[in-house]
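This report refers to the structure that appears directly beneath it.
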Amino acid sequence: MYFTPPLQPDEQLYKFNLIQRIGTGGFGEIWLVLDQSINRQVALKILDASQTSIDEHIQEAHRGNLMDHANLVKIHYADVANRNGTDLFLIAMDFQQNGSVLNLLNAANFVPIKTVLPIISDVLRGLEFLHEQDLYHNDIKPKNILIGNSGEGILTDYGISVVGTGQAYVTPTQAYRLHTAPELIANNHINAQTDIYQVGLTMFRLLNGIGKLRNKMNSLGEAEYYRLVQNGNLIKPADYLPFIPRNLKAIISKATHADPAQRFQSPLEMRRRIEALSYAGDWTVTPGGVYTGQCVANEYRFDDSRRTDGSYDFTAFKKNKRSQNERRIGPLSKQRATKREAEKAKKDFMQQIVMGNN
């Protein structure tokens with residue numbers, strides 16, 4: 001809890017009736033509230049004025065108020081209220097009832113490709129507008145991507161955004177450690193390509209497992225993690241799930257290149273590359289932990305098991321959605337294989353479903 005005594009539902013804070021806490025962070029708390037002056041529910045960021053730089057958050061409110069774009073959260077107003085002798089800084093913004101993209105994670109903590117790509121495209125649209133306002137977001141991560149009523153991606157949180165124009169480098173006051181870019185480590189500066197880098201890491205995490213980079217930092221330590229970042233070796237081929245296609249990996253690799261000059265040079269350039277992709281199928285994981293593939297007409301699954309003699313069986317299945325008839329796909333199955341052969345068979349099968357080559 002950030003406040004003493006803790007904020008409670010139904011508490012009255014200035015003109016706001018608190019309904020439910022919907023988020024926390026290093027800054028304070030975010031609540032769903034009823035603004036009684038306009039009889040409207042809004043999201044309210046609540047900060048202890050004595051524990052934070054009010055000037056920075058006033059700037060955040062000013063910047064967010066400029067964001068008249070469908071893929072950017074708009075901040076409506078900011079105010080100060082006193083609670084039990086403590087001044088609180090309040091920032092009211094649009095409430096998105098679907099929450100963040102993290103709510104779309106499946107049982108294996110990733111989001112299917114055909115769900116991720118339109119959301120990232122939307123974020124890049126919002127980022128185009130943000131850059132046109134001479135701002136670098138500097139905090140792009142899954143938690144800061146909200147899902148609108150039509151499933152659109154909406155970028156939020158301008159708390160550590162910085163003023164910057166074009167390719168000009170600037171020094172930020174803060175950074176999100178997990179998404180720290182090579183140029184910040186090396187020279188303590190960022191530019192527009194740093195936002196591209198953060199979009200690339202966000203994309204990788206959503207597609208391959210939200211915790212992969214966090215686990216890597218925890219296991220290696222921050223110094224070794226940052227060394228991999230600077231050397232361009234943070235994301236390795238083995239970090240990708242087997243069904244991620246090569247052309248999608250190439251986009252992530254370009255966005256996260258260690259050299260900013262080798263990345264996409266604008267959100268528009270990256271968005272056009274993403275929107276040129278077309279996939280026929282997709283994979284997810286059921287609550288029971290089973291991989292399932294989908295395309296328009298069929299569902300797919302597989303069995304992989306180890307025999308008593310140490311060899312492996314991989315069996316692919318295809319079910320017609322209309323008839324519910326399921327059959328084994330002989331050409332894509334492999335019996336008495338080595339572990340490496342079975343893993344390759346699984347990868348080939350899963351990628352064929354995504355690419356529509358089944």
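Residues are referred to by chain and number: the chain letter is A, B, ... according to the order shown in the structure tokens, the number counts from 1 in that chain, and ligands are numbered separately from 1 in the order shown.
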All residues 8 Å or closer to Asn138 (chain A), only C-alpha atoms, same chain fewer than 5 positions away omitted, as JSON, numbers by chain = {"A": [160, 161, 162, 175, 176, 194, 195, 198]}
Can you pull out every residue within 12 Å of Val111 (chain A), counting only C-alpha atoms, but drop anything in the same chain fewer than 5 positions away, and send it as a list in words?
-> Val101, Leu102, Asn103, Leu104, Leu105, Asn106, Val116, Leu117, Pro118, Ile119, Ile120, Pro142, Thr202, Met203, Phe204, Arg205, Leu206, Leu207, Asn208, Gly209, Ile210, Leu241, Ile244, Asp282, Trp283, Thr284, Val285 and Thr286 of chain A
Considering only C-alpha atoms, return as a PyMOL selection string whatever protein or nucleic-acid residues lie within 10 Å of Ile140 (chain A), sequence-local ones (same chain, fewer than 4 positions apart) excluded.
-> chain A and resi 123+127+136+144-145+155-158+161+176+179+194-202
Separating CA of Ala168 (chain A) from CA of Leu268 (chain A), to the nearest tenth of an Å, is a gap of 18.0 Å
Excluding region 329-338 of chain A and any residue of its chain fewer than 6 positions from it, enumerate the residues within 10 Å of it, using only C-alpha atoms, and give them as a PyMOL selection string.
-> chain A and resi 300+302-307+309-318+344-346+348-350+352+358
Mind listing the alpha helix (DSSP H) residues of region 100-322 of chain A, per DSSP on the backbone, as a PDB file with C-alpha atoms, in the first residue's frame?
```pdb
ATOM      1  CA  ILE A 113       0.258 -13.712 -33.005  1.00  0.00           C
ATOM      2  CA  LYS A 114      -2.966 -12.595 -34.695  1.00  0.00           C
ATOM      3  CA  THR A 115      -3.997 -10.763 -31.524  1.00  0.00           C
ATOM      4  CA  VAL A 116      -0.624  -9.125 -30.885  1.00  0.00           C
ATOM      5  CA  LEU A 117       0.075  -7.685 -34.328  1.00  0.00           C
ATOM      6  CA  PRO A 118      -2.965  -5.357 -34.639  1.00  0.00           C
ATOM      7  CA  ILE A 119      -2.378  -4.118 -31.080  1.00  0.00           C
ATOM      8  CA  ILE A 120       1.278  -3.308 -31.800  1.00  0.00           C
ATOM      9  CA  SER A 121       0.192  -1.584 -35.023  1.00  0.00           C
ATOM     10  CA  ASP A 122      -2.175   0.582 -32.990  1.00  0.00           C
ATOM     11  CA  VAL A 123       0.588   1.429 -30.506  1.00  0.00           C
ATOM     12  CA  LEU A 124       2.819   2.499 -33.387  1.00  0.00           C
ATOM     13  CA  ARG A 125       0.032   4.738 -34.704  1.00  0.00           C
ATOM     14  CA  GLY A 126      -0.171   6.401 -31.322  1.00  0.00           C
ATOM     15  CA  LEU A 127       3.601   6.679 -31.194  1.00  0.00           C
ATOM     16  CA  GLU A 128       3.621   8.420 -34.578  1.00  0.00           C
ATOM     17  CA  PHE A 129       1.358  11.093 -33.138  1.00  0.00           C
ATOM     18  CA  LEU A 130       3.409  11.323 -29.950  1.00  0.00           C
ATOM     19  CA  HIS A 131       6.603  11.889 -31.925  1.00  0.00           C
ATOM     20  CA  GLU A 132       4.846  14.542 -33.975  1.00  0.00           C
ATOM     21  CA  PRO A 182      21.935   0.180 -25.527  1.00  0.00           C
ATOM     22  CA  GLU A 183      22.306   3.925 -26.145  1.00  0.00           C
ATOM     23  CA  LEU A 184      21.106   4.731 -22.643  1.00  0.00           C
ATOM     24  CA  ILE A 185      23.584   2.301 -21.099  1.00  0.00           C
ATOM     25  CA  ALA A 186      26.472   3.573 -23.228  1.00  0.00           C
ATOM     26  CA  ASN A 187      25.825   7.312 -23.372  1.00  0.00           C
ATOM     27  CA  ALA A 192      13.010   8.305 -31.215  1.00  0.00           C
ATOM     28  CA  GLN A 193      14.664   4.954 -31.994  1.00  0.00           C
ATOM     29  CA  THR A 194      14.659   4.151 -28.271  1.00  0.00           C
ATOM     30  CA  ASP A 195      10.858   4.032 -28.421  1.00  0.00           C
ATOM     31  CA  ILE A 196      11.180   1.677 -31.403  1.00  0.00           C
ATOM     32  CA  TYR A 197      13.510  -0.527 -29.338  1.00  0.00           C
ATOM     33  CA  GLN A 198      10.970  -0.671 -26.520  1.00  0.00           C
ATOM     34  CA  VAL A 199       8.171  -1.569 -28.947  1.00  0.00           C
ATOM     35  CA  GLY A 200      10.349  -4.404 -30.270  1.00  0.00           C
ATOM     36  CA  LEU A 201      11.004  -5.788 -26.779  1.00  0.00           C
ATOM     37  CA  THR A 202       7.308  -5.460 -25.913  1.00  0.00           C
ATOM     38  CA  MET A 203       6.403  -7.373 -29.054  1.00  0.00           C
ATOM     39  CA  PHE A 204       8.921 -10.112 -28.269  1.00  0.00           C
ATOM     40  CA  ARG A 205       7.626 -10.517 -24.711  1.00  0.00           C
ATOM     41  CA  LEU A 206       3.969 -10.674 -25.717  1.00  0.00           C
ATOM     42  CA  LEU A 207       4.633 -13.268 -28.424  1.00  0.00           C
ATOM     43  CA  ASN A 208       7.073 -15.501 -26.547  1.00  0.00           C
ATOM     44  CA  LYS A 212      11.329 -14.332 -20.372  1.00  0.00           C
ATOM     45  CA  LEU A 213      13.364 -11.136 -20.135  1.00  0.00           C
ATOM     46  CA  ARG A 214      12.604 -10.670 -16.439  1.00  0.00           C
ATOM     47  CA  ASN A 215      13.788 -14.220 -15.762  1.00  0.00           C
ATOM     48  CA  LYS A 216      16.921 -13.575 -17.788  1.00  0.00           C
ATOM     49  CA  MET A 217      17.744 -10.432 -15.802  1.00  0.00           C
ATOM     50  CA  ASN A 218      17.099 -12.222 -12.517  1.00  0.00           C
ATOM     51  CA  SER A 219      19.287 -15.198 -13.432  1.00  0.00           C
ATOM     52  CA  LEU A 220      22.158 -13.290 -15.028  1.00  0.00           C
ATOM     53  CA  GLU A 222      21.729  -6.631 -14.071  1.00  0.00           C
ATOM     54  CA  ALA A 223      25.344  -6.072 -15.181  1.00  0.00           C
ATOM     55  CA  GLU A 224      25.429  -9.176 -17.434  1.00  0.00           C
ATOM     56  CA  TYR A 225      21.930  -8.430 -18.720  1.00  0.00           C
ATOM     57  CA  TYR A 226      23.034  -4.939 -19.765  1.00  0.00           C
ATOM     58  CA  ARG A 227      26.165  -6.371 -21.387  1.00  0.00           C
ATOM     59  CA  LEU A 228      23.944  -8.540 -23.592  1.00  0.00           C
ATOM     60  CA  VAL A 229      21.809  -5.486 -24.380  1.00  0.00           C
ATOM     61  CA  GLN A 230      24.849  -3.476 -25.491  1.00  0.00           C
ATOM     62  CA  ASN A 231      26.232  -6.357 -27.561  1.00  0.00           C
ATOM     63  CA  ARG A 246      11.126 -16.004 -39.672  1.00  0.00           C
ATOM     64  CA  ASN A 247       9.714 -12.767 -41.110  1.00  0.00           C
ATOM     65  CA  LEU A 248       8.243 -11.840 -37.729  1.00  0.00           C
ATOM     66  CA  LYS A 249      11.545 -12.572 -35.999  1.00  0.00           C
ATOM     67  CA  ALA A 250      13.235 -10.287 -38.534  1.00  0.00           C
ATOM     68  CA  ILE A 251      10.987  -7.378 -37.543  1.00  0.00           C
ATOM     69  CA  ILE A 252      11.752  -7.867 -33.855  1.00  0.00           C
ATOM     70  CA  SER A 253      15.477  -8.164 -34.599  1.00  0.00           C
ATOM     71  CA  LYS A 254      15.491  -4.927 -36.586  1.00  0.00           C
ATOM     72  CA  ALA A 255      13.481  -3.038 -33.959  1.00  0.00           C
ATOM     73  CA  PRO A 267       6.940   4.157 -36.083  1.00  0.00           C
ATOM     74  CA  LEU A 268       5.374   4.394 -39.542  1.00  0.00           C
ATOM     75  CA  GLU A 269       8.162   2.329 -41.128  1.00  0.00           C
ATOM     76  CA  MET A 270       7.786  -0.384 -38.505  1.00  0.00           C
ATOM     77  CA  ARG A 271       3.997  -0.350 -38.721  1.00  0.00           C
ATOM     78  CA  ARG A 272       4.068  -0.801 -42.497  1.00  0.00           C
ATOM     79  CA  ARG A 273       6.301  -3.861 -42.120  1.00  0.00           C
ATOM     80  CA  ILE A 274       3.940  -5.384 -39.554  1.00  0.00           C
ATOM     81  CA  GLU A 275       0.835  -4.651 -41.595  1.00  0.00           C
TER      82      GLU A 275
END
```
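Taking CA of Phe95 (chain A) as the reference point, CA of Asp48 (chain A) is found at 21.1 Å.
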Write out as an MDAnalysis selection string which residues come within 8 Å of Ala92 (chain A) when counting only C-alpha atoms, dropping same-chain ones fewer than 4 positions away.
-> chainID A and resid 42:45 75:78
In region 54-228 of chain A, DSSP strand (DSSP E) residues written as a PyMOL selection string = chain A and resi 75-83+86-93+135-136+145-147+153-155+162-163
Two-atom distance - CA of Gly211 (chain A), CA of Asn98 (chain A) (Å) | 21.2 Å
Using only C-alpha atoms, which protein or nucleic acid residues come within 10 Å of Val163 (chain A)? Drop anything in the same chain fewer than 2 positions from it, and give the result as a CSV table (one decimal) with N, CA and C atoms, in the first residue's frame.
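Saved the output as part16.csv:
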```csv
chain,number,residue,atom,x,y,z
A,63,ARG,N,1.2,17.0,-21.1
A,63,ARG,CA,1.4,16.2,-22.3
A,63,ARG,C,0.2,15.4,-22.6
A,131,HIS,N,5.4,11.3,-31.4
A,131,HIS,CA,6.6,11.9,-31.9
A,131,HIS,C,6.4,13.2,-32.7
A,133,GLN,N,4.4,15.3,-31.7
A,133,GLN,CA,4.3,16.4,-30.7
A,133,GLN,C,5.6,16.6,-30.0
A,134,ASP,N,6.7,16.1,-30.6
A,134,ASP,CA,8.0,16.3,-30.1
A,134,ASP,C,8.2,15.6,-28.7
A,135,LEU,N,7.7,14.4,-28.6
A,135,LEU,CA,7.8,13.7,-27.3
A,135,LEU,C,8.3,12.3,-27.6
A,136,TYR,N,9.2,11.8,-26.7
A,136,TYR,CA,9.6,10.4,-26.7
A,136,TYR,C,8.9,9.8,-25.5
A,137,HIS,N,8.2,8.7,-25.7
A,137,HIS,CA,7.4,8.1,-24.6
A,137,HIS,C,8.3,7.5,-23.5
A,161,SER,N,8.0,10.4,-20.0
A,161,SER,CA,8.2,10.9,-21.3
A,161,SER,C,9.1,12.1,-21.3
A,165,THR,N,13.0,15.9,-30.4
A,165,THR,CA,12.6,16.2,-31.8
A,165,THR,C,13.4,15.3,-32.8
A,168,ALA,N,17.1,13.7,-32.5
A,168,ALA,CA,18.0,14.4,-31.5
A,168,ALA,C,18.0,13.5,-30.2
A,169,TYR,N,19.2,13.4,-29.6
A,169,TYR,CA,19.3,12.7,-28.4
A,169,TYR,C,19.1,13.6,-27.2
A,170,VAL,N,18.4,13.0,-26.2
A,170,VAL,CA,18.2,13.7,-24.9
A,170,VAL,C,18.5,12.8,-23.8
A,171,THR,N,18.7,13.4,-22.6
A,171,THR,CA,18.9,12.6,-21.4
A,171,THR,C,17.6,12.5,-20.6
A,172,PRO,N,17.1,11.3,-20.4
A,172,PRO,CA,15.9,11.1,-19.6
A,172,PRO,C,16.2,11.2,-18.1
A,191,ASN,N,16.6,8.6,-28.0
A,191,ASN,CA,16.0,9.3,-29.1
A,191,ASN,C,14.8,8.6,-29.6
```
